[in-house]
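Chemist: There's a structure below that I have some questions on.
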Amino acid sequence: MLRILVCVKQVPDVDLVKMDPETGNLVREGVPTLTNPLDTNALEAAVRMKEKFGGEVTVITMGPPMAESTLRECLAVGADKAVLVSGRPFGGADTLSTSYAIVKAADMLGKFDLIFCGKESLDGATGQMASQLAERFDASQVTGCLLIDNYDESKNVLTAQRELETGVETVEASLPCLITVEKLNYHARIPNLKGKLAAKKAVITTLTEKDIADLDMQKIGVPGSGTIVPRIYPPELPEPGMVIDEGSLEKNVAKLVELLAGKGAI
Amino acid sequence: MEKRDYKNMWVYIEHDGNTAAPVGLELCCEIRKLCDVTGDKLYAVVLGDLPAGEIEKVKGCAVDGIIHVSGTGYGYYNTDAYANAFTVLSKKYNPSAIFVGGSINGRDFAPRFAVQLDTGCTSDAMELEYDKETGDIQFIEPAVGGKIMAVITVPALRPQVGTIRPGTFKYAPAGAKAQVEEIEELIDFPVENIRCRHISFKADEFDPELDIAGSDIIVCVGNGLADEDHLPRYRELAKLLGGKLGCTRPLFDREILPYKLQIGQSGVMIKPKLYLGFGVSGAVNHVAGISADTFVAVNSDPEAQIFNYCDYGIVGDMDTVCDALIGALKARQ
């Protein structure tokens, strides 16, 4: 039986996040959240492994209590168990300290054979978490996985395809293995009624900093972060170009053609 | 050890055994300038064997030294041996910063050795600055979908690790230094300890439609596109102009067009003579990938950021403008 962990994140809809021009702070109030889209593909890959080879899928996330809704979404489409790592001391973490907290929390649940992650998050988009988790889990890693071809139980290895810039690499990885998933072959499934009901009723385990054994408080949250963001600012925009306004769309297009032809651009 | 005791900056030279990937050379050229400000020495780090001609190219980027690592485990890229080599080297030499090209494999192993070294890692910086007071590098990058720029630093830990996307910095070699220190290191990584092993590689079949990096004319469609059914007119326009179709990230996310057509910092960097963007919002990540002689923007929102980057803009419905443009071009022929 494969013990499978899927790491997910609830993210703000970045299209709707705005910067307060006065304070320079990001305005997140009222911005809807969603399950990080690429994480849903990771979950799908995990559930398919469970369906094919037998096993159990646990989803884990770190965040405020409201991140529970993301876990319930995962429970509705094939995850069996869900764990929320939550508590103020975890806040403000970068990938170095988040990966530490997640792995310490996961250790409370026993050993995992497979760990799935989305390729990157919509908001932070560093794409670093997976490799850092793999290191802390002491697992092999297959990043940019297009397809898991096979799992050989007797040898405890899997073969998988990785998407590289110029082609596809086939690799063989020993378990435990962490996999980041390309969405192409792992479209998230739509929850059915049974799944939705089960997800509603499921008990989500919450682990706070007090529940996790041997947690080094200096390695979580802000103190455990390797990076900080001392400053954000709006991108410096060049002066707007010439907006063609000749009175009608046809005239505008004719003017554009004239300008481009005059420049030798067409 | 205090952070100021960590000295010198390293650039990883990614290669396939025959050729050094451009990104490593680009980074050497940029980090050279940074080192001239900080007073650090610049070292290029080469794992496994690379032909002498390519090593000369690396030297041409005015590096102060080359650290060449030989031993078992470097025959084909793998996470375990590559991450381990940097951990071993870094513990021995204590560099202040390590830069790795943000290719798929660079992004695969750099965050991993950063954890092994218990240090901070950043990705996708577009500018690098040095803060004399703190002694920290400022990694400046677009964040939150390109809406803001964020300054990221590694304030206490060393080395400062950064992955940087190919094409972010220019390859402008300053010429070889008279003296280039050559350091040979033997770090054997037992092959049986490689946990994710290369089996085979199948190169993508060449598809000219997907090869947009060198195209002189690009018609780019953005998130303003209603759906796939609206796409053919843009293909027609591209064909009419003798150019190629590209897209912004949302269209890849929406699975309307493939990743290889995604233009921007995390996709293809383009240098066309003419760029025409339809329904493109103008996120920093996208425009950072474009260096066009003539830049045209079409968007229904007069406030769209893309108009700040254009030479000529038209405010209007993208489809209608595209159709009118096709008509006008056909009439000229």
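In the structure tokens, chains take letters A, B, ... by order of appearance, with residues numbered from 1 within each chain and ligands from 1 in the order shown.
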Just the strand (DSSP E) stuff from segment 12-258 of chain B, please, per backbone DSSP, written as an NGL selection string.

Modeler: :B and (12 or 42-47 or 65-70 or 97-101 or 121-123 or 127-131 or 136-143 or 148-153 or 160-164 or 181-186 or 196-203 or 217-221 or 244-247)

Chemist: With only C-alpha atoms as the counted atoms, please give the residues lying no more than 8 Å from segment 143-158 of chain B, apart from itself and same-chain residues fewer than 5 positions off, as a PyMOL selection string.

Modeler: (chain A and resi 14-15+17-19+122-124+226-235) or (chain B and resi 3+6+94-97+118-122+134+136-138+283-285)

Chemist: Can you tell me which residues surround Tyr93 of chain B at a distance of at most 12 Å, considering only C-alpha atoms, apart from same-chain residues fewer than 5 positions away, and format the answer as a list in words?

Modeler: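 After dropping sequence-adjacent residues, the list is Asp5, Tyr6, Lys7, Asn8, Met9, Trp10, Tyr43, Ile67, Phe86, Thr87, Val88, Ile98, Arg158, Pro159, Ile183 and Glu185 of chain B.
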
Chemist: Using C-alpha atoms, can you export the residues from the last selection as a compact mmCIF listing (two decimals), in the first residue's frame?

Modeler:
```txt
# COMPACT_ATOMS: atom_id res chain seq x y z
CA ASP B 5 33.62 36.69 6.00
CA TYR B 6 31.94 34.91 3.07
CA LYS B 7 33.73 36.12 -0.04
CA ASN B 8 33.39 35.83 -3.81
CA MET B 9 30.55 34.93 -6.12
CA TRP B 10 30.01 31.82 -8.15
CA TYR B 43 34.34 32.11 -10.14
CA ILE B 67 36.44 25.72 -10.30
CA PHE B 86 27.72 22.61 -4.56
CA THR B 87 27.21 21.80 -0.90
CA VAL B 88 30.69 20.31 -0.59
CA ILE B 98 25.91 31.32 -5.86
CA ARG B 158 25.26 32.77 3.38
CA PRO B 159 25.71 31.94 0.60
CA ILE B 183 41.02 25.14 -9.28
CA GLU B 185 38.36 19.58 -7.27
```

Chemist: Please determine, counting only C-alpha atoms, which residue among B:Gly246, B:Val296, B:Ser200, B:Gly224 has the shortest atom-to-atom distance to chain A.

Modeler: B:Ser200

Chemist: If you take only C-alpha atoms and a cut-off of 7 Å, which residues of chain A touch chain B, and what are their nearest atom pairs and distances in Å to one decimal, in chain and number order, as CSV?

Modeler:
```
residue,atom,partner,partner_atom,distance
A:Val14,CA,B:Val144,CA,5.8
A:Leu96,CA,B:Gly120,CA,6.7
A:Asp123,CA,B:Val144,CA,5.2
A:Gly124,CA,B:Val144,CA,6.8
A:Thr126,CA,B:Ser123,CA,5.6
A:Gln128,CA,B:Pro111,CA,5.6
A:Ser131,CA,B:Arg112,CA,5.2
A:Gln132,CA,B:Arg112,CA,5.1
A:Glu135,CA,B:Arg112,CA,5.9
A:Ser140,CA,B:Arg195,CA,5.4
A:Gln141,CA,B:Cys196,CA,6.6
A:Thr143,CA,B:Asp108,CA,6.6
A:Leu164,CA,B:Ile104,CA,6.3
A:Thr166,CA,B:Ala203,CA,5.8
A:Gly167,CA,B:Ala203,CA,4.1
A:Val168,CA,B:Lys202,CA,5.2
A:Glu169,CA,B:Phe201,CA,4.4
A:Thr170,CA,B:Ser200,CA,5.2
A:Val171,CA,B:His198,CA,4.6
A:Glu172,CA,B:Arg197,CA,5.1
A:Ala173,CA,B:Cys196,CA,4.1
A:Ser174,CA,B:Arg195,CA,5.4
A:Gly226,CA,B:Gly120,CA,3.8
A:Thr227,CA,B:Val154,CA,4.5
A:Ile228,CA,B:Thr153,CA,5.5
A:Val229,CA,B:Ile152,CA,4.6
A:Pro230,CA,B:Val151,CA,6.2
A:Arg231,CA,B:Val151,CA,5.3
A:Ile232,CA,B:Ala150,CA,4.4
A:Tyr233,CA,B:Met149,CA,5.3
A:Pro234,CA,B:Ile148,CA,4.7
A:Pro235,CA,B:Met149,CA,5.6
A:Leu237,CA,B:Asn308,CA,6.1
A:Pro238,CA,B:Asn308,CA,5.4
A:Glu239,CA,B:Asn308,CA,5.5
A:Pro240,CA,B:Asn308,CA,3.8
A:Gly241,CA,B:Asp311,CA,4.7
A:Met242,CA,B:Tyr312,CA,4.9
A:Val243,CA,B:Gly313,CA,4.4
A:Ile244,CA,B:Ile314,CA,5.5
A:Glu250,CA,B:Ala324,CA,6.6
A:Asn252,CA,B:Ile314,CA,7.0
A:Val253,CA,B:Leu325,CA,6.0
A:Ala254,CA,B:Ala328,CA,6.7
A:Ala265,CA,B:Leu274,CA,6.3
```

Chemist: For a test of reading the model, state the distance in Å between atom CA of Met269 of chain B and atom CA of Val23 of chain B, rounded to one decimal.

Modeler: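 If I compute the distance from atom CA of Met269 of chain B to atom CA of Val23 of chain B, I get 12.3 Å.
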
Chemist: Could you name the residues that touch segment 81-84 of chain A at 10 Å or less, counting only C-alpha atoms, but leaving out those on the same chain fewer than 5 positions away, as a count of residues only?

Modeler: 33

Chemist: Residues at most 8 Å from segment 183-195 of chain A, counting only C-alpha atoms, excluding those fewer than 3 positions away in the same chain, as number ranges by chain?

Modeler: A: 38, 40-45, 75-78, 146-147, 198-199

Chemist: Using N, CA and C atoms, can you export the residues from the last selection as a PDB file, in the first residue's frame?

Modeler:
```
ATOM      1  N   LEU A  38      -2.128  24.507  -9.998  1.00  0.00           N
ATOM      2  CA  LEU A  38      -1.235  23.389 -10.330  1.00  0.00           C
ATOM      3  C   LEU A  38      -1.246  22.301  -9.254  1.00  0.00           C
ATOM      4  N   THR A  40      -3.892  21.090  -7.999  1.00  0.00           N
ATOM      5  CA  THR A  40      -4.995  20.175  -8.304  1.00  0.00           C
ATOM      6  C   THR A  40      -4.523  19.081  -9.267  1.00  0.00           C
ATOM      7  N   ASN A  41      -3.551  19.412 -10.123  1.00  0.00           N
ATOM      8  CA  ASN A  41      -2.994  18.400 -11.020  1.00  0.00           C
ATOM      9  C   ASN A  41      -2.130  17.413 -10.250  1.00  0.00           C
ATOM     10  N   ALA A  42      -1.419  17.920  -9.234  1.00  0.00           N
ATOM     11  CA  ALA A  42      -0.609  17.040  -8.388  1.00  0.00           C
ATOM     12  C   ALA A  42      -1.519  16.060  -7.645  1.00  0.00           C
ATOM     13  N   LEU A  43      -2.630  16.566  -7.148  1.00  0.00           N
ATOM     14  CA  LEU A  43      -3.580  15.701  -6.438  1.00  0.00           C
ATOM     15  C   LEU A  43      -4.141  14.634  -7.370  1.00  0.00           C
ATOM     16  N   GLU A  44      -4.452  15.036  -8.590  1.00  0.00           N
ATOM     17  CA  GLU A  44      -4.988  14.075  -9.548  1.00  0.00           C
ATOM     18  C   GLU A  44      -3.985  12.947  -9.816  1.00  0.00           C
ATOM     19  N   ALA A  45      -2.719  13.309  -9.983  1.00  0.00           N
ATOM     20  CA  ALA A  45      -1.683  12.290 -10.213  1.00  0.00           C
ATOM     21  C   ALA A  45      -1.598  11.351  -9.011  1.00  0.00           C
ATOM     22  N   LEU A  75     -10.437  16.698  -0.528  1.00  0.00           N
ATOM     23  CA  LEU A  75     -11.117  15.504  -0.019  1.00  0.00           C
ATOM     24  C   LEU A  75     -12.263  15.099  -0.943  1.00  0.00           C
ATOM     25  N   ALA A  76     -12.828  16.065  -1.627  1.00  0.00           N
ATOM     26  CA  ALA A  76     -13.957  15.783  -2.521  1.00  0.00           C
ATOM     27  C   ALA A  76     -13.524  15.079  -3.799  1.00  0.00           C
ATOM     28  N   VAL A  77     -12.234  15.144  -4.132  1.00  0.00           N
ATOM     29  CA  VAL A  77     -11.779  14.529  -5.385  1.00  0.00           C
ATOM     30  C   VAL A  77     -10.708  13.459  -5.152  1.00  0.00           C
ATOM     31  N   GLY A  78     -10.828  12.759  -4.036  1.00  0.00           N
ATOM     32  CA  GLY A  78     -10.010  11.554  -3.894  1.00  0.00           C
ATOM     33  C   GLY A  78      -9.017  11.510  -2.765  1.00  0.00           C
ATOM     34  N   LEU A 146       5.750  14.730 -16.597  1.00  0.00           N
ATOM     35  CA  LEU A 146       4.664  14.688 -17.574  1.00  0.00           C
ATOM     36  C   LEU A 146       3.765  13.492 -17.326  1.00  0.00           C
ATOM     37  N   LEU A 147       4.399  12.377 -16.969  1.00  0.00           N
ATOM     38  CA  LEU A 147       3.649  11.133 -16.831  1.00  0.00           C
ATOM     39  C   LEU A 147       4.445  10.140 -15.997  1.00  0.00           C
ATOM     40  N   ALA A 198     -18.857  13.521   1.389  1.00  0.00           N
ATOM     41  CA  ALA A 198     -17.806  12.947   2.241  1.00  0.00           C
ATOM     42  C   ALA A 198     -16.852  14.049   2.717  1.00  0.00           C
ATOM     43  N   ALA A 199     -16.550  14.963   1.812  1.00  0.00           N
ATOM     44  CA  ALA A 199     -15.621  16.043   2.156  1.00  0.00           C
ATOM     45  C   ALA A 199     -16.203  16.953   3.227  1.00  0.00           C
TER      46      ALA A 199
END
```

Chemist: Could you tell me how far atom CA of Leu261 of chain B sits from atom CA of Lys244 of chain B, in Å to one decimal place?

Modeler: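 Taking atom CA of Lys244 of chain B as the start and atom CA of Leu261 of chain B as the end point, the length is 9.3 Å.
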
Chemist: Which distance in Å separates atom CA of Gly92 of chain A and atom CA of Glu182 of chain A, to one decimal?

Modeler: 27.8 Å

Chemist: Any idea what's packed within 7 Å of Val45 of chain B, counting only C-alpha atoms, ignoring anything in its chain fewer than 3 positions away? Could you give it as JSON, numbers by chain?

Modeler: {"B": [10, 11, 12, 13, 66, 67, 68]}

Chemist: What does the file look like for those residues with C-alpha atoms, as a short mmCIF file (atom, residue, chain, number, x, y, z; two decimals), in the first residue's frame?

Modeler:
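Output file result.cif is given in full below:
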```cif
data_model
loop_
_atom_site.label_atom_id
_atom_site.label_comp_id
_atom_site.auth_asym_id
_atom_site.auth_seq_id
_atom_site.Cartn_x
_atom_site.Cartn_y
_atom_site.Cartn_z
CA TRP B 10 30.01 31.82 -8.15
CA VAL B 11 28.17 31.11 -11.34
CA TYR B 12 27.18 27.58 -12.32
CA ILE B 13 28.06 26.74 -15.92
CA ILE B 66 37.23 28.51 -12.71
CA ILE B 67 36.44 25.72 -10.30
CA HIS B 68 36.36 22.48 -12.21
#
```

Chemist: With DSSP run on the backbone, what are the helix (DSSP H, G or I) residues within segment 161-258 of chain A? I'd like them as a ChimeraX atom specification.

Modeler: /A:193-201,217-219,249-258

Chemist: With only C-alpha atoms as the counted atoms, please give the residues lying no more than 9 Å from Leu16 of chain A, apart from itself and same-chain residues fewer than 6 positions off, as a list in words.

Modeler: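 My list of contacting residues is Arg28, Val31 and Pro32 of chain A.
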
Chemist: Quick one: write out the picked residues with C-alpha atoms as a PDB file, in the first residue's frame?

Modeler:
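Final output, saved to again-v2.pdb:
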```
ATOM      1  CA  ARG A  28      -5.674  41.383   0.042  1.00  0.00           C
ATOM      2  CA  VAL A  31      -9.704  39.088  -2.556  1.00  0.00           C
ATOM      3  CA  PRO A  32     -11.089  35.603  -3.143  1.00  0.00           C
TER       4      PRO A  32
END
```

Chemist: With only C-alpha atoms as the basis for distance, which of A:Met129, A:Leu175, A:Ile115, A:Met217 is at the shortest distance from Asp94 of chain A?

Modeler: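 Looking at the shortest contact to Asp94 of chain A, the residue is A:Met129.
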